[in-house]
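> Before I ask anything, here is the structure I am working with.
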Amino acid sequence: MVGKLRLISGLILFVFVLGHFLNHSLGVVSIKAMNEGLKYTVEPWRTTPGTILLLSALGIHVVLAIWSLLTRKTFKMKSWEAWQIVLGLAIPFLLAAHVLGTRGIVEAYKFEAGYGFQLLGMWISFPFRGVLNAVALIVVWLHTCMGWHYWLRLKPWYGRFQTSLFALAIIIPVLALTGFISAGFKVMILAEDENWVNKLLAHPKVTPPELLEFIFGWEFVILTGLVVVLLSVAVFHFVRQVIVSRPGSGRLNYRSLDFRVNRELNLRPGLTALEQIRNAGIPHASVCGGKGRCSTCRIRIDKGLETLDEPSVQETKVLKRIGAAPNVRLACQLVPTQNIEITALLDPAATASDGYSRERSQGGEEQEVAILFADIRAFTKLSESKLPYDVAFLLNRYFAAMGMAIEEADGHLDKFIGDGVMAIFGIDKDVSEGSKDAVKAAVNMATRLEALNKSLEHDLEEPLRIGIGIHSGTAIVGTMGYNRAENLTAIGDVVNAASRLEGLTKEFGAQLIVSEKAASQSGSAFHQFPKHEVEIRGRVEPLSVFVVQSALDLNEQKHVASA
């Protein structure tokens with residue numbers, strides 16, 4: 001509920017701020033245009049429903065911010081968390097006078113302070129306040145964008161729109177600042193006319209000195225109250241720190257993913273496992289900041305599982321999403337009270353996408369997946385005529401192109417083997433979707449290879465050629481390896497068969513060979529390509545395959561079918 005309230009209140013405040021910023025940008029046109037824009041961006045918030053909605057959102061957001069500071073058990077955190085808190089706390093100090101000078105005097109004196117009045121104060125009477133408001137504009141926008149980014153980046157679709165959203169996040173405040181500065185210069189010119197200034201400040205019930213006394217007097221009261229609240233929070237944390245600094249009766253034995261960190265910590269009462277780890281200065285993944293949403297702080301309980309409380313509804317939901325084993329828990333939700341041994345399951349530098357990857361046991365799980373193998377043709381001959389540096393440059397360009405092609409098709413890049421590549425598809429989907437993605441990856445690889453060859457035409461005697469093999473079937477999928485060489489991979493007959501199909505592309509002089517099983521599961525029109533029965537070393541039964549001269553032909557067939 002707290003998370004939902006924070007999200008909803010933040011959304012309401014964001015709409016209010018966005019309207020203000022867009023209105024500021026009208027300053028490029030004229031001050032009159034800015035005042036006209038208030039009818040659509042500010043006046044709706046001055047209605048009774050709008051006022052209730054805005055003040056409720058503001059009150060809830062502020063109370064929750066103070067509550068989060070009050071309930072936070074440790075201030076050792078990621079840098080982005082610290083910056084978001086600092087920026088949030090700076091906002092009332094920067095904007096208190098601005099709010100009082102706009103909404104405050106309207107409510108207290110019915111003084112309709114348009115942009116002319118505000119800009120006169122900020123550009124002529126108190127230029128320092130103008131600088132503060134410009135800084136506040138940037139601070140508010142940064143705080144807002146950070147909040148949305150660190151919430152949305154946990155959504156699987158966010159990556160596709162991140163560049164466009166980032167562009168908007170730059171354009172909007174730039175337009176607002178441009179409008180603010182442009183309007184400021186216009187006011188400086190208008191202020192040379194004494195009649196314009198007198199008309200702007202004329203009011204039957206209040207004089208400019210009384211307005212200033214109201215604004216700055218209440219600003220002092222509000223900011224003093226805020227300082228008192230923050231000092232009270234600091235005192236509370238100091239007292240609690242003295243209490244919880246006394247070690248508990250239990251121990252926490254922590255091992256990192258690469259086993260380089262192996263520490264025994266004294267448990268502190270009431271702290272989650274993540275907070276215990278952070279207090280000890282140990283880097284540990286936590287993309288969402290310990291809110292129990294991203295799953296990147298997940299740990300394996302090696303000893304002491306029976307002493308722990310059952311996971312909450314929220315934690316259970318996240319653990320189910322990643323297919324976690326019974327001995328896997330979220331460090332940010334777990335409050336150990338007795339001896340416990342844990343191992344981190346992700347690298348401290350884990351990203352948001354890792355929060356959606358399914359957890360795999362060390363022993364692996366049986367699962368139907370699609371496997372893709374690809375290899376450069378005649379690479380040994382090619383590398384003989386080049387310097388090692390040139391070969392490394394060429395391979396890195398090739399690996400980057402093929403890696404992006406696989407990721408674009410939602411595949412898991414398993415490994416690069418010499419000049420070859422292995423990828424797994426359908427790990428978190430059914431095998432039909434995986435086969436479809438594998439075929440898509442093959443088309444992507446062919447497309448990117450063409451672009452790569454074009455960019456390297458002056459460096460290569462002949463274009464690079466690749467062979468691709470795809471097969472689907474049952475494999476053991478899990479985290480395997482040792483130490484830093486441990487990664488998610490697949491083993492089984494399907495892997496061997498896909499590798500052999502890639503090798504057969506040399507015999508058929510083709511770019512792509514797909515097994516009949518994978519072809520039928522992908523839903524692509526492979527019946528238009530030659531079909532063969534091939535012998536696969538290590539298999540008793542022959543395998544039916546489709547031979548495709550160029551993976552790009554699949555795109556052409558798709559267009560023919562759709563026509």
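Residue numbering restarts at 1 in every chain; chains get A, B, ... in the order shown in the structure tokens, and ligands count up from 1 in that same order.
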DSSP on the backbone: what in stretch 37-259 of chain A comes out helix (DSSP H, G or I), as number ranges by chain?
A: 37-41, 43-46, 48-71, 79-109, 115-125, 127-152, 158-190, 194-201, 208-244
> List the spatial neighbours of A:Asp309 as a VMD selection string - criterion: any atom at most 10 Å away, only C-alpha atoms, same-chain residues fewer than 6 positions off excluded.
chain A and resid 334 to 337
> Write out as a ChimeraX atom specification each polymer residue whose atoms come within 12 Å of A:Gly281, counting only C-alpha atoms; drop sequence neighbours fewer than 2 positions from it.
/A:74-78,261,263,265,274-279,283-284
> Do you know which residues are at most 9 Å from A:Pro173 counting only C-alpha atoms, after dropping those on the same chain fewer than 2 positions away, and could you put them as an MDAnalysis selection string?
chainID A and resid 21:22 25 137:138 141 168:171 175:178
> Atoms to include: all heavy atoms. Write the selected residues as a CSV table (one decimal), in the first residue's frame.

chain,number,residue,atom,x,y,z
A,21,PHE,N,6.1,23.1,-16.5
A,21,PHE,CA,7.2,23.3,-17.3
A,21,PHE,C,6.8,23.6,-18.8
A,21,PHE,O,7.5,24.5,-19.4
A,21,PHE,CB,8.0,21.9,-17.4
A,21,PHE,CG,8.9,21.8,-16.2
A,21,PHE,CD1,8.6,22.3,-14.9
A,21,PHE,CD2,10.1,21.0,-16.3
A,21,PHE,CE1,9.4,22.2,-13.9
A,21,PHE,CE2,10.9,20.9,-15.2
A,21,PHE,CZ,10.6,21.4,-14.0
A,22,LEU,N,5.8,23.0,-19.3
A,22,LEU,CA,5.3,23.3,-20.6
A,22,LEU,C,4.8,24.7,-20.7
A,22,LEU,O,5.0,25.4,-21.7
A,22,LEU,CB,4.2,22.3,-21.0
A,22,LEU,CG,4.6,20.9,-21.1
A,22,LEU,CD1,3.4,20.0,-21.5
A,22,LEU,CD2,5.7,20.7,-22.2
A,25,SER,N,7.7,27.2,-21.0
A,25,SER,CA,8.3,27.2,-22.3
A,25,SER,C,7.6,28.2,-23.2
A,25,SER,O,8.2,28.7,-24.2
A,25,SER,CB,8.2,25.8,-23.0
A,25,SER,OG,6.9,25.4,-23.2
A,137,LEU,N,14.0,24.2,-10.7
A,137,LEU,CA,13.5,23.6,-11.9
A,137,LEU,C,14.3,22.3,-12.2
A,137,LEU,O,13.7,21.3,-12.5
A,137,LEU,CB,13.5,24.6,-13.0
A,137,LEU,CG,12.8,24.2,-14.3
A,137,LEU,CD1,12.2,25.4,-15.0
A,137,LEU,CD2,13.8,23.5,-15.3
A,138,ILE,N,15.6,22.5,-12.2
A,138,ILE,CA,16.4,21.3,-12.5
A,138,ILE,C,16.4,20.2,-11.5
A,138,ILE,O,16.3,19.0,-11.8
A,138,ILE,CB,17.9,21.8,-12.7
A,138,ILE,CG1,18.0,22.8,-13.9
A,138,ILE,CG2,18.8,20.6,-12.9
A,138,ILE,CD1,19.3,23.5,-14.0
A,141,TRP,N,13.1,18.3,-11.6
A,141,TRP,CA,13.0,17.4,-12.7
A,141,TRP,C,13.9,16.2,-12.5
A,141,TRP,O,13.5,15.1,-12.9
A,141,TRP,CB,13.4,18.2,-14.0
A,141,TRP,CG,13.0,17.5,-15.2
A,141,TRP,CD1,13.9,16.9,-16.1
A,141,TRP,CD2,11.7,17.1,-15.7
A,141,TRP,NE1,13.2,16.3,-17.2
A,141,TRP,CE2,11.9,16.4,-16.9
A,141,TRP,CE3,10.4,17.4,-15.3
A,141,TRP,CZ2,10.8,16.0,-17.7
A,141,TRP,CZ3,9.4,16.9,-16.0
A,141,TRP,CH2,9.6,16.2,-17.2
A,168,LEU,N,13.1,13.0,-24.2
A,168,LEU,CA,12.1,13.9,-23.7
A,168,LEU,C,12.5,14.5,-22.3
A,168,LEU,O,12.2,15.7,-22.0
A,168,LEU,CB,10.8,13.1,-23.5
A,168,LEU,CG,10.0,12.8,-24.7
A,168,LEU,CD1,8.8,11.9,-24.4
A,168,LEU,CD2,9.5,14.1,-25.4
A,169,ALA,N,13.2,13.7,-21.5
A,169,ALA,CA,13.6,14.1,-20.2
A,169,ALA,C,14.7,15.3,-20.3
A,169,ALA,O,14.8,16.1,-19.4
A,169,ALA,CB,14.2,13.0,-19.4
A,170,ILE,N,15.3,15.4,-21.5
A,170,ILE,CA,16.3,16.5,-21.7
A,170,ILE,C,15.6,17.7,-22.3
A,170,ILE,O,15.8,18.8,-21.9
A,170,ILE,CB,17.4,16.0,-22.6
A,170,ILE,CG1,18.2,14.9,-22.0
A,170,ILE,CG2,18.3,17.2,-23.0
A,170,ILE,CD1,19.0,15.3,-20.7
A,171,ILE,N,14.7,17.4,-23.3
A,171,ILE,CA,14.0,18.5,-24.0
A,171,ILE,C,13.1,19.3,-23.2
A,171,ILE,O,13.1,20.5,-23.2
A,171,ILE,CB,13.2,17.9,-25.2
A,171,ILE,CG1,14.2,17.3,-26.3
A,171,ILE,CG2,12.3,18.9,-25.9
A,171,ILE,CD1,13.5,16.4,-27.3
A,175,LEU,N,13.4,23.4,-22.7
A,175,LEU,CA,12.4,24.3,-23.1
A,175,LEU,C,11.9,25.2,-22.0
A,175,LEU,O,11.6,26.4,-22.2
A,175,LEU,CB,11.2,23.5,-23.7
A,175,LEU,CG,11.5,22.8,-25.1
A,175,LEU,CD1,10.3,21.9,-25.5
A,175,LEU,CD2,11.8,23.8,-26.2
A,176,ALA,N,11.7,24.6,-20.8
A,176,ALA,CA,11.1,25.4,-19.7
A,176,ALA,C,12.1,26.4,-19.3
A,176,ALA,O,11.8,27.6,-19.0
A,176,ALA,CB,10.9,24.4,-18.5
A,177,LEU,N,13.4,26.1,-19.2
A,177,LEU,CA,14.4,27.1,-18.8
A,177,LEU,C,14.6,28.2,-19.9
A,177,LEU,O,14.8,29.4,-19.6
A,177,LEU,CB,15.8,26.4,-18.6
A,177,LEU,CG,16.0,25.7,-17.3
A,177,LEU,CD1,17.3,24.9,-17.3
A,177,LEU,CD2,16.1,26.8,-16.2
A,178,THR,N,14.5,27.7,-21.2
A,178,THR,CA,14.6,28.7,-22.3
A,178,THR,C,13.4,29.7,-22.2
A,178,THR,O,13.6,30.9,-22.3
A,178,THR,CB,14.5,28.0,-23.6
A,178,THR,OG1,15.6,27.0,-23.7
A,178,THR,CG2,14.6,29.0,-24.8
> So that I can see what lies close to A:Asn327, please list as a PyMOL selection string the residues with an atom at most 9 Å from it, counting only C-alpha atoms and leaving out residues fewer than 3 positions away in the same chain.
chain A and resi 299-302+305+324
> Within 8 Å of stretch 366-384 of chain A, which residues of stretch 456-521 of chain A come that close, and what is the closest atom pair and distance in Å for each? Count only C-alpha atoms and give it as a tab-separated table.

residue	atom	partner	partner_atom	distance
A:Leu464	CA	A:Ile376	CA	7.0
A:Arg465	CA	A:Arg377	CA	5.4
A:Ile466	CA	A:Ile376	CA	4.4
A:Gly467	CA	A:Asp375	CA	5.5
A:Ile468	CA	A:Ala374	CA	4.3
A:Gly469	CA	A:Phe373	CA	5.2
A:Ile470	CA	A:Leu372	CA	4.6
A:His471	CA	A:Ile371	CA	5.5
A:Ser472	CA	A:Ala370	CA	4.1
A:Gly473	CA	A:Glu368	CA	5.1
A:Thr474	CA	A:Glu368	CA	4.2
A:Ala475	CA	A:Gln367	CA	5.5
A:Ile476	CA	A:Glu366	CA	4.5
A:Val477	CA	A:Glu366	CA	6.2
A:Val494	CA	A:Ile371	CA	7.1
A:Val495	CA	A:Ile371	CA	6.2
A:Ala498	CA	A:Ile371	CA	6.2
A:Ser499	CA	A:Phe373	CA	5.6
A:Glu502	CA	A:Phe373	CA	6.0
A:Lys506	CA	A:Arg377	CA	7.9
A:Ala518	CA	A:Ala370	CA	7.1
> Can you write out the residues you just picked, keeping C-alpha atoms, as a JSON list (two decimals), in the first residue's frame?

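Once written, selection-v3.json looks like this:
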[["chain", "number", "residue", "atom", "x", "y", "z"],
["A", 464, "LEU", "CA", 32.64, -12.86, -44.01],
["A", 465, "ARG", "CA", 30.36, -15.89, -44.30],
["A", 466, "ILE", "CA", 28.68, -17.76, -41.48],
["A", 467, "GLY", "CA", 26.88, -21.02, -40.95],
["A", 468, "ILE", "CA", 23.95, -21.29, -38.52],
["A", 469, "GLY", "CA", 22.35, -24.42, -37.06],
["A", 470, "ILE", "CA", 19.11, -24.46, -35.02],
["A", 471, "HIS", "CA", 17.50, -27.36, -33.19],
["A", 472, "SER", "CA", 14.98, -27.64, -30.36],
["A", 473, "GLY", "CA", 14.53, -30.28, -27.70],
["A", 474, "THR", "CA", 15.02, -31.19, -24.08],
["A", 475, "ALA", "CA", 18.15, -29.94, -22.32],
["A", 476, "ILE", "CA", 19.45, -29.52, -18.79],
["A", 477, "VAL", "CA", 19.43, -25.77, -18.21],
["A", 494, "VAL", "CA", 19.80, -30.91, -28.43],
["A", 495, "VAL", "CA", 23.00, -28.88, -27.95],
["A", 498, "ALA", "CA", 22.45, -27.95, -33.12],
["A", 499, "SER", "CA", 26.25, -27.84, -33.24],
["A", 502, "GLU", "CA", 25.88, -25.74, -37.97],
["A", 506, "LYS", "CA", 29.56, -26.38, -45.01],
["A", 518, "ALA", "CA", 12.36, -26.37, -34.56]]
> Quick one: distance from atom CA of A:Ser56 to atom CA of A:Ser9 in Å, one decimal?
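That distance, rounded to one decimal, is 7.8 Å.
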> Taking into account only C-alpha atoms, which residue in the set A:Ile340, A:Val131, A:Cys288, A:Ala519 is nearest to A:Leu94?
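Nearest to A:Leu94: A:Val131.
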> Taking only stretch 338-526 of chain A into account, list the residues labelled strand (DSSP E) by DSSP (computed from the backbone), as a ChimeraX atom specification.
/A:340-344,365-376,412-417,420-425,466-480,487-491,512-515
> Considering only C-alpha atoms, return as a PyMOL selection string whatever protein or nucleic-acid residues lie within 12 Å of A:Ala400, sequence-local ones (same chain, fewer than 2 positions apart) excluded.
chain A and resi 393-398+402-407+413+416+421+445+448-449+452
> Kindly save the residues from that selection, with N, CA, C and O atoms included, as a tab-separated table (two decimals), in the first residue's frame.

chain	number	residue	atom	x	y	z
A	393	PHE	N	40.46	-7.33	-33.63
A	393	PHE	CA	39.53	-6.25	-34.00
A	393	PHE	C	38.35	-6.81	-34.79
A	393	PHE	O	37.18	-6.49	-34.52
A	394	LEU	N	38.66	-7.67	-35.75
A	394	LEU	CA	37.62	-8.26	-36.59
A	394	LEU	C	36.66	-9.11	-35.76
A	394	LEU	O	35.43	-9.02	-35.90
A	395	LEU	N	37.22	-9.95	-34.89
A	395	LEU	CA	36.38	-10.81	-34.06
A	395	LEU	C	35.48	-10.00	-33.13
A	395	LEU	O	34.31	-10.34	-32.96
A	396	ASN	N	36.03	-8.96	-32.54
A	396	ASN	CA	35.22	-8.15	-31.63
A	396	ASN	C	34.07	-7.48	-32.36
A	396	ASN	O	32.96	-7.38	-31.81
A	397	ARG	N	34.31	-7.01	-33.58
A	397	ARG	CA	33.22	-6.42	-34.37
A	397	ARG	C	32.17	-7.48	-34.69
A	397	ARG	O	30.96	-7.21	-34.62
A	398	TYR	N	32.65	-8.66	-35.03
A	398	TYR	CA	31.74	-9.76	-35.36
A	398	TYR	C	30.93	-10.19	-34.14
A	398	TYR	O	29.70	-10.34	-34.20
A	402	MET	N	26.84	-10.11	-33.75
A	402	MET	CA	26.06	-11.32	-33.51
A	402	MET	C	25.38	-11.29	-32.13
A	402	MET	O	24.25	-11.73	-31.97
A	403	GLY	N	26.10	-10.74	-31.15
A	403	GLY	CA	25.52	-10.64	-29.81
A	403	GLY	C	24.28	-9.78	-29.81
A	403	GLY	O	23.26	-10.12	-29.20
A	404	MET	N	24.33	-8.62	-30.50
A	404	MET	CA	23.16	-7.74	-30.57
A	404	MET	C	22.02	-8.41	-31.33
A	404	MET	O	20.85	-8.26	-30.96
A	405	ALA	N	22.34	-9.17	-32.38
A	405	ALA	CA	21.31	-9.86	-33.14
A	405	ALA	C	20.57	-10.87	-32.26
A	405	ALA	O	19.35	-11.02	-32.34
A	406	ILE	N	21.31	-11.56	-31.41
A	406	ILE	CA	20.71	-12.56	-30.51
A	406	ILE	C	19.87	-11.88	-29.43
A	406	ILE	O	18.75	-12.30	-29.13
A	407	GLU	N	20.40	-10.82	-28.84
A	407	GLU	CA	19.67	-10.11	-27.79
A	407	GLU	C	18.40	-9.47	-28.32
A	407	GLU	O	17.38	-9.43	-27.63
A	413	LEU	N	22.70	-15.24	-24.71
A	413	LEU	CA	24.01	-15.48	-25.30
A	413	LEU	C	24.81	-16.35	-24.34
A	413	LEU	O	25.27	-15.87	-23.32
A	416	PHE	N	30.93	-17.58	-26.46
A	416	PHE	CA	31.66	-17.51	-27.71
A	416	PHE	C	32.74	-18.58	-27.65
A	416	PHE	O	33.46	-18.71	-26.66
A	421	VAL	N	29.58	-19.06	-31.89
A	421	VAL	CA	28.71	-18.55	-30.84
A	421	VAL	C	27.59	-19.56	-30.58
A	421	VAL	O	27.11	-20.23	-31.50
A	445	MET	N	21.04	-12.04	-37.54
A	445	MET	CA	22.48	-12.25	-37.72
A	445	MET	C	22.88	-12.06	-39.18
A	445	MET	O	23.92	-11.45	-39.48
A	448	ARG	N	22.76	-8.28	-39.90
A	448	ARG	CA	23.89	-7.55	-39.31
A	448	ARG	C	25.21	-7.95	-39.97
A	448	ARG	O	26.14	-7.14	-40.04
A	449	LEU	N	25.31	-9.19	-40.44
A	449	LEU	CA	26.53	-9.62	-41.14
A	449	LEU	C	26.70	-8.84	-42.44
A	449	LEU	O	27.83	-8.44	-42.79
A	452	LEU	N	27.94	-5.48	-41.50
A	452	LEU	CA	29.33	-5.57	-41.06
A	452	LEU	C	30.27	-5.71	-42.24
A	452	LEU	O	31.32	-5.06	-42.30
